[in-house]
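> I am attaching a structure below and will ask some questions about it afterwards.
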Amino acid sequence: MSLSRLIDKYPYGKAPLALLVLAVVSVALWFSTQKQREKRPDLIVVTFTAPHQAAYRKALPEFEKQYHVKVDVQLAHWGSLQTRLQNAMLADTDVPDLVEMLEGSLGFFARGPKEDIGLVDLTDRIEGEHLKERMVASRFSLWSARGRVFGMPHDVHPVMLAYRRDLVEALGIDVRELDTWEKFNEVGRRITRDKNGDGVIDQYMIDLPSGGGYGVLIMMLQRGGQLFDEQGRPAFANEITAEVFRQYLEMTLGQQKIAYECGWGQSFFKAMTDGLALFYITPDWRSYTLQTDLPRLSGKVALMPLPAWEKGGRRTSVWGGTGLVITRRTKHQELAWELAKFLYLNPKSLGERFKDTNIIPPFKDAWSLPEFSVPNSYFSGQPVGQLYAELAPQTPPFYSSPVDSIARAKLDEAYTRAIEHFKAHGQDGLMDVIRKELRLAQDDVMRRSERNQVLEQGK
Amino acid sequence: MAQTKLQYKSWVPFAFLGPYLLLTSVFFLYPFINALVLTFYQTNGPKSRVFVGLGNFKYLLSDSTFHQALTNTTLFAIASVCLQLPLSMGLAILLNQGNSRLKGFFRLVLFSPNLVGQIFVGILFSVLFTPRYGLINRTVQGLVNWGLEERWLSNPVLVMPAIILTSLWLWVGFNMVYFLAALQSVDKSLEEAARIDGANAWQVFWHVTLPSMRHVVVFVVIMSIIGSYQLFELPMALLSSTNGYGPDNSGLTVITYLNEVAFRSGDLGLGSAVGWVVALIIFTVSLIQIRLTKVVED
């Protein structure tokens with residue numbers, strides 16, 4: 001019987017037959033691909049940065065050989081990873097065994113009842129192996145919630161100032177004398193000027209975001225302020241934050257301003273190349289970005305510690321952070337813990353990783369590795385690793401909460417109101433307005449936090 | 001035997017309808033009902049929930065951030081109707097009269113921003129709005145000697161104008177295509193008759209052309225309002241450094257707010273309540289619009 005006669009014999013016509021054939025073929029294909037799908041590796045690690053993926057892939061063969069297991073490192077965009085991971089954990093579907101997370105995100109995963117937290121509590125393991133003594137203890141704050149530790153810190157991210165050494169030296173500025181923000185501002189007011197007389201300032205002292213944002217947060221942390229206290233309660237409405245707001249406003253607005261917002265990406269690189277600002281907030285990770293994205297400035301840039309708020313005070317802050325968590329659904333919890341230690345505490349791979357990223361690991365033993373004291377020609381021959389590592393122990397803690405993103409938004413709101421007042425009335429009544437706005441913002445965060453009845457039940 | 005054949009045939013339509021009914025039930029009906037039920041709960045993602053009755057709606061009534069999101073979105077919707085649509089209509093009229101060979105070219109040029117999507121346009125305009133180096137800042141400075149250092153995306157006063165300006169570039173050409181199609185279907189003999197009766201160009205447009213394309217105009221207005229209340233990707237890309245909020249929440253829209261409470265904060269109940277409020281607003285505005293059009297017609 002020919003094919004056309006067979007088709008004609010189908011009682012419901014050609015179109016339904018075509019649909020039927022399509023359905024059968026689809027199901028058959030699905031089954032065949034299921035069979036061909038590779039067996040799940042023993043451990044799956046997901047990270048959100050390509051350099052981490054590359055570094056881990058380089059280090060993993062040794063671990064796989066030692067434990068006779070297969071480990072896969074996958075890359076996912078952080079924005080989607082966060083919500084998908086949380087929903088997958090809550091819906092009890094398949095999740096990776098280990099995940100690298102971004103600072104400020106633990107609160108997102110630790111909200112709700114304790115049984116909803118899909119991450120392994122690492123507190124006892126960390127204490128059992130004395131890791132808080134062997135690592136920078138303040139970095140565990142990012143990965144702690146309700147008094148328990150759920151992640152291993154990947155980095156320290158101490159903040160320094162990168163500066164255009166060639167221009168700064170030509171202006172006769174001795175950076176060793178810029179040891180307090182007061183002195184820094186004083187010099188800044190002197191050198192911030194319109195060089196060509198066209199009415200537009202074309203030389204600023206420092207690059208700072210005009211709307212506050214990360215700039216305010218970095219200075220707040222340096223000065224000893226926090227968004228939340230250790231218990232996760234909002235704790236930013238105080239004199240420390242108010243004073244940071246006032247000083248930051250003076251630096252970024254009005255006749256005496258010394259700062260310009262150079263932005264991100266191309267506009268940042270253009271501004272730095274043009275020397276629009278002389279100093280740039282630079283945590284360890286950004287020092288590597290400068291090297292790779294602005295090679296033409298090689299040898300013209302150098303690093304210095306942040307000026308302190310008072311003489312002898314803290315010369316650094318923190319910006320950013322990554323941590324490794326183990327998901328509760330993993331079938332190989334012990335193996336995952338061994339892998340976490342292998343990736344984060346193995347000196348051999350940490351030295352290699354520093355060379356590829358300039359990122360300071362919190363594991364103190366690694367800082368004495370030769371890679372950390374190699375002079376860096378981009379930063380005028382300075383030993384970048386050593387400079388950051390010296391500041392690492394001073395880095396402040398940074399506590400997290402389920403309402404982390406709301407608190408940051410509310411802090412920005414309070415700062416915006418302070419800007420409006422400063423623009424309209426200058427210093428007159430400024431501190432009162434700042435205190436009032438900070439109080440309102442904190443109360444709002446508290447109100448939203450207390451609204452979470454699911455979390456309250458979990459407590 | 002005949003009866004058996006009839007019975008055999010009776011389930012066949014349902015078998016063909018089955019996939020549709022299944023998909024509709026799973027992806028429309030169930031979420032629809034579940035979203036309604038969820039509005040009475042506070043949740044932590046999809047797992048834990050606590051019954052709060054009308055608590056979510058009460059919270060929305062008292063939440064200043066939600067009020068601001070609603071105000072911003074309404075402002076954007078008004079701007080969409082008052083700026084976008086007249087511009088689209090103007091361009092459509094120009095193109096309708098122009099050289100037929102150039103017509104297709106300009107139609108493509110004006111429509112093309114819509115092909116690249118809101119995220120791309122958001123990123124593109126965030127570069128164009130860059131202080132000192134951005135094309136828009138430099139152009140405005142050249143034209144009116146102001147704006148070189150202006151921070152469109154971090155000044156609360158300028159954020160909404162920046163979003164509106166960007167959306168104009170994105171949507172004017174899209175709406176123009178609808179208007180152009182409607183203009184081309186207007187009965188030319190009616191316009192000709194009006195001209196013979198002594199009507200000038202404006203009178204022909206106002207009394208003949210526009211009434212002839214009123215159904216398309218109503219459709220475009222309603223779609224613009226619905227689109228405005230669903231605004232999300234554009235401010236998200238344009239104001240990415242503040243998670244789509246903008247300084248002092250100046251760029252916050254109701255859908256960005258929904259995204260924040262439902263997916264970033266994990267309260268799907270409150271998110272559902274916001275969704276229902278938005279649906280109600282769109283439904284009411286559309287109803288008013290349709291009624292008004294009927295009144296004008298009568």
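By convention here, the chains of the structure tokens are called A, B, ... in the order presented, each chain's residues are numbered starting at 1, and ligands are numbered starting at 1 in the order presented.
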Using the chain letters and numbers from this document, which residues of segment 219-333 of chain A does DSSP assign to helix (DSSP H, G or I), as a count of residues only?
42
> Taking only C-alpha atoms into account, produce a table as a tab-separated table in which each residue of chain B with an atom at most 6 Å from an atom of chain A appears once, together with its shortest atom pair and the distance in Å to one decimal, ordered by chain and rising number.

```
residue	atom	partner	partner_atom	distance
B:Asn44	CA	A:Gly112	CA	5.7
B:Lys47	CA	A:Leu90	CA	5.7
B:Asp248	CA	A:Glu413	CA	4.7
```
> Could you jot down the atom CA of Ser228 of chain B to atom CA of Thr74 of chain B separation for me, Å, one decimal place?
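Here the two named atoms are 7.9 Å from each other.
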> List as a PDB file with N, CA, C and O atoms, in the first residue's frame the protein and nucleic acid residues near Ser368 of chain A, meaning an atom at most 10 Å away when only C-alpha atoms are counted, but skip any in the same chain fewer than 4 places from it.

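result-v6.pdb was written with the following content:
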```pdb
ATOM      1  N   PRO A 347      46.096  27.031  49.037  1.00  0.00           N
ATOM      2  CA  PRO A 347      47.036  28.110  48.714  1.00  0.00           C
ATOM      3  C   PRO A 347      47.508  28.087  47.264  1.00  0.00           C
ATOM      4  O   PRO A 347      47.668  29.138  46.650  1.00  0.00           O
ATOM      5  N   GLY A 351      46.936  31.472  44.898  1.00  0.00           N
ATOM      6  CA  GLY A 351      47.995  32.291  44.298  1.00  0.00           C
ATOM      7  C   GLY A 351      47.729  32.518  42.820  1.00  0.00           C
ATOM      8  O   GLY A 351      47.822  33.635  42.312  1.00  0.00           O
ATOM      9  N   LYS A 364      44.109  33.987  55.340  1.00  0.00           N
ATOM     10  CA  LYS A 364      45.306  34.803  55.608  1.00  0.00           C
ATOM     11  C   LYS A 364      46.617  34.138  55.159  1.00  0.00           C
ATOM     12  O   LYS A 364      47.543  34.830  54.746  1.00  0.00           O
ATOM     13  N   PHE A 372      51.544  37.481  45.702  1.00  0.00           N
ATOM     14  CA  PHE A 372      50.965  38.680  46.308  1.00  0.00           C
ATOM     15  C   PHE A 372      51.975  39.828  46.445  1.00  0.00           C
ATOM     16  O   PHE A 372      51.584  40.966  46.652  1.00  0.00           O
ATOM     17  N   SER A 373      53.260  39.522  46.366  1.00  0.00           N
ATOM     18  CA  SER A 373      54.238  40.601  46.535  1.00  0.00           C
ATOM     19  C   SER A 373      54.960  40.945  45.229  1.00  0.00           C
ATOM     20  O   SER A 373      55.950  41.679  45.235  1.00  0.00           O
ATOM     21  N   GLY A 385      49.064  43.085  45.547  1.00  0.00           N
ATOM     22  CA  GLY A 385      48.551  42.093  46.503  1.00  0.00           C
ATOM     23  C   GLY A 385      48.915  42.452  47.927  1.00  0.00           C
ATOM     24  O   GLY A 385      48.084  42.389  48.836  1.00  0.00           O
ATOM     25  N   GLN A 386      50.157  42.843  48.109  1.00  0.00           N
ATOM     26  CA  GLN A 386      50.642  43.180  49.450  1.00  0.00           C
ATOM     27  C   GLN A 386      49.902  44.399  50.008  1.00  0.00           C
ATOM     28  O   GLN A 386      49.509  44.417  51.176  1.00  0.00           O
ATOM     29  N   ALA A 389      46.395  43.364  50.901  1.00  0.00           N
ATOM     30  CA  ALA A 389      46.418  42.405  52.009  1.00  0.00           C
ATOM     31  C   ALA A 389      46.717  43.105  53.337  1.00  0.00           C
ATOM     32  O   ALA A 389      46.171  42.741  54.379  1.00  0.00           O
TER      33      ALA A 389
END
```
> From segment 99-304 of chain A, collect each residue whose DSSP state is strand (DSSP E or B) and return the set as a ChimeraX atom specification.
/A:99-102,119,135,144-145,148-149,151-153,158-164,180,193,203-207,228,234,259-260,277-283,301-304
> Separation of atom CA of Arg264 of chain B and atom CA of Leu29 of chain B, in Å?
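Separation of atom CA of Arg264 of chain B and atom CA of Leu29 of chain B: 25.0 Å.
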> Suppose you want the space between atom CA of Gly172 of chain A and atom CA of Thr316 of chain A; what is it in Å?
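For atom CA of Gly172 of chain A relative to atom CA of Thr316 of chain A, the distance reads 24.2 Å.
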> I want to know what sits within 12 Å of Ile434 of chain A, based on only C-alpha atoms, with residues of the same chain fewer than 6 positions away left out; could you give that as an NGL selection string?
:A and (236-247 or 249 or 411-422 or 427-428 or 440-441)
> Mind dumping a table of every segment 321-405 of chain A residue within 10 Å of segment 149-169 of chain A, with the nearest atom pair and its distance in Å to one decimal, using only C-alpha atoms, sorted by chain and rising number, as JSON lines?

```
{"residue": "A:Gly321", "atom": "CA", "partner": "A:Asp155", "partner_atom": "CA", "distance": 6.2}
{"residue": "A:Thr322", "atom": "CA", "partner": "A:His154", "partner_atom": "CA", "distance": 5.4}
{"residue": "A:Gly323", "atom": "CA", "partner": "A:Pro153", "partner_atom": "CA", "distance": 4.3}
{"residue": "A:Leu324", "atom": "CA", "partner": "A:Met152", "partner_atom": "CA", "distance": 5.1}
{"residue": "A:Val325", "atom": "CA", "partner": "A:Gly151", "partner_atom": "CA", "distance": 4.5}
{"residue": "A:Ile326", "atom": "CA", "partner": "A:Gly151", "partner_atom": "CA", "distance": 7.4}
{"residue": "A:Thr327", "atom": "CA", "partner": "A:Phe150", "partner_atom": "CA", "distance": 9.6}
{"residue": "A:Trp337", "atom": "CA", "partner": "A:Met152", "partner_atom": "CA", "distance": 9.9}
{"residue": "A:Ala340", "atom": "CA", "partner": "A:Met152", "partner_atom": "CA", "distance": 7.7}
{"residue": "A:Lys341", "atom": "CA", "partner": "A:Met152", "partner_atom": "CA", "distance": 8.7}
{"residue": "A:Leu343", "atom": "CA", "partner": "A:His154", "partner_atom": "CA", "distance": 9.0}
{"residue": "A:Tyr344", "atom": "CA", "partner": "A:His154", "partner_atom": "CA", "distance": 6.4}
{"residue": "A:Leu345", "atom": "CA", "partner": "A:His154", "partner_atom": "CA", "distance": 9.4}
{"residue": "A:Asn358", "atom": "CA", "partner": "A:His157", "partner_atom": "CA", "distance": 9.7}
{"residue": "A:Ile359", "atom": "CA", "partner": "A:Asp155", "partner_atom": "CA", "distance": 6.6}
{"residue": "A:Ile360", "atom": "CA", "partner": "A:Asp155", "partner_atom": "CA", "distance": 5.7}
{"residue": "A:Pro361", "atom": "CA", "partner": "A:Asp155", "partner_atom": "CA", "distance": 4.4}
{"residue": "A:Pro362", "atom": "CA", "partner": "A:Asp155", "partner_atom": "CA", "distance": 5.3}
{"residue": "A:Phe363", "atom": "CA", "partner": "A:Asp155", "partner_atom": "CA", "distance": 8.5}
{"residue": "A:Phe379", "atom": "CA", "partner": "A:Ala162", "partner_atom": "CA", "distance": 8.6}
{"residue": "A:Ser380", "atom": "CA", "partner": "A:Arg165", "partner_atom": "CA", "distance": 8.2}
{"residue": "A:Leu387", "atom": "CA", "partner": "A:Met160", "partner_atom": "CA", "distance": 8.9}
{"residue": "A:Tyr388", "atom": "CA", "partner": "A:Pro158", "partner_atom": "CA", "distance": 6.2}
{"residue": "A:Ala389", "atom": "CA", "partner": "A:Pro158", "partner_atom": "CA", "distance": 8.0}
{"residue": "A:Glu390", "atom": "CA", "partner": "A:Pro158", "partner_atom": "CA", "distance": 9.4}
{"residue": "A:Leu391", "atom": "CA", "partner": "A:Pro158", "partner_atom": "CA", "distance": 6.5}
{"residue": "A:Ala392", "atom": "CA", "partner": "A:Pro158", "partner_atom": "CA", "distance": 5.6}
{"residue": "A:Pro393", "atom": "CA", "partner": "A:Val156", "partner_atom": "CA", "distance": 8.9}
{"residue": "A:Gln394", "atom": "CA", "partner": "A:Pro158", "partner_atom": "CA", "distance": 8.3}
{"residue": "A:Thr395", "atom": "CA", "partner": "A:Pro158", "partner_atom": "CA", "distance": 6.1}
{"residue": "A:Pro396", "atom": "CA", "partner": "A:Pro158", "partner_atom": "CA", "distance": 9.1}
```
> Pick the closest to Asp174 of chain A from A:Leu339, A:Ala18, A:Val45, A:Met304: which is it, counting only C-alpha atoms?
A:Met304
> Pick out the closest residue to Gln74 of chain A from this set: A:Gly104, A:Gly232, A:Pro96, A:Pro61. Count only C-alpha atoms.
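That would be A:Pro96, the residue with the smallest distance to Gln74 of chain A.
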> Could you check the closest approach to Leu128 of chain B for each of B:Glu191, B:Glu150, B:Asp267, B:Glu233 and tell me which residue wins, using only C-alpha atoms?
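Of B:Glu191, B:Glu150, B:Asp267, B:Glu233, the one nearest Leu128 of chain B is B:Glu150, counting only C-alpha atoms.
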> Please list as a list in words every residue within 8 Å of Phe398 of chain A, counting only C-alpha atoms and excluding residues in the same chain fewer than 2 positions away.
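Contacts, in chain order: Ser138, Arg139, Ser141, Leu142, Leu221, Gln226, Leu227, Phe228, Pro396 and Ser400 of chain A.
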> May I have the selected residues written with N, CA and C atoms, as an mmCIF file, in the first residue's frame?

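Below is the file that was written, out.cif:
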```
data_model
loop_
_atom_site.group_PDB
_atom_site.id
_atom_site.type_symbol
_atom_site.label_atom_id
_atom_site.label_comp_id
_atom_site.auth_asym_id
_atom_site.auth_seq_id
_atom_site.Cartn_x
_atom_site.Cartn_y
_atom_site.Cartn_z
ATOM 1 N N SER A 138 35.685 39.404 59.765
ATOM 2 C CA SER A 138 34.606 40.354 59.430
ATOM 3 C C SER A 138 33.836 39.916 58.177
ATOM 4 N N ARG A 139 34.476 39.128 57.307
ATOM 5 C CA ARG A 139 33.823 38.749 56.055
ATOM 6 C C ARG A 139 32.710 37.707 56.255
ATOM 7 N N SER A 141 30.394 38.124 58.242
ATOM 8 C CA SER A 141 29.171 38.897 58.513
ATOM 9 C C SER A 141 28.240 38.898 57.298
ATOM 10 N N LEU A 142 28.839 38.898 56.109
ATOM 11 C CA LEU A 142 28.027 38.915 54.881
ATOM 12 C C LEU A 142 27.216 37.644 54.711
ATOM 13 N N LEU A 221 30.621 52.646 56.006
ATOM 14 C CA LEU A 221 31.250 51.450 56.571
ATOM 15 C C LEU A 221 32.644 51.781 57.100
ATOM 16 N N GLN A 226 26.694 51.098 59.800
ATOM 17 C CA GLN A 226 26.147 49.860 59.245
ATOM 18 C C GLN A 226 24.724 50.099 58.760
ATOM 19 N N LEU A 227 24.273 49.266 57.832
ATOM 20 C CA LEU A 227 22.847 49.302 57.464
ATOM 21 C C LEU A 227 22.035 48.565 58.522
ATOM 22 N N PHE A 228 22.598 47.442 58.992
ATOM 23 C CA PHE A 228 21.903 46.612 59.987
ATOM 24 C C PHE A 228 22.879 46.271 61.112
ATOM 25 N N PRO A 396 35.771 46.567 57.527
ATOM 26 C CA PRO A 396 34.650 46.501 58.476
ATOM 27 C C PRO A 396 33.699 45.366 58.134
ATOM 28 N N SER A 400 23.849 41.620 56.990
ATOM 29 C CA SER A 400 22.795 41.455 55.989
ATOM 30 C C SER A 400 21.430 41.273 56.657
#
```
> Please provide the set of residues having any atom within 8 Å of segment 175-185 of chain B, restricted to only C-alpha atoms, with same-chain residues fewer than 3 positions apart removed, written as a PyMOL selection string.
chain B and resi 85+88-89+91-93+95-96+107+111+171-172+209+213+216-217+220
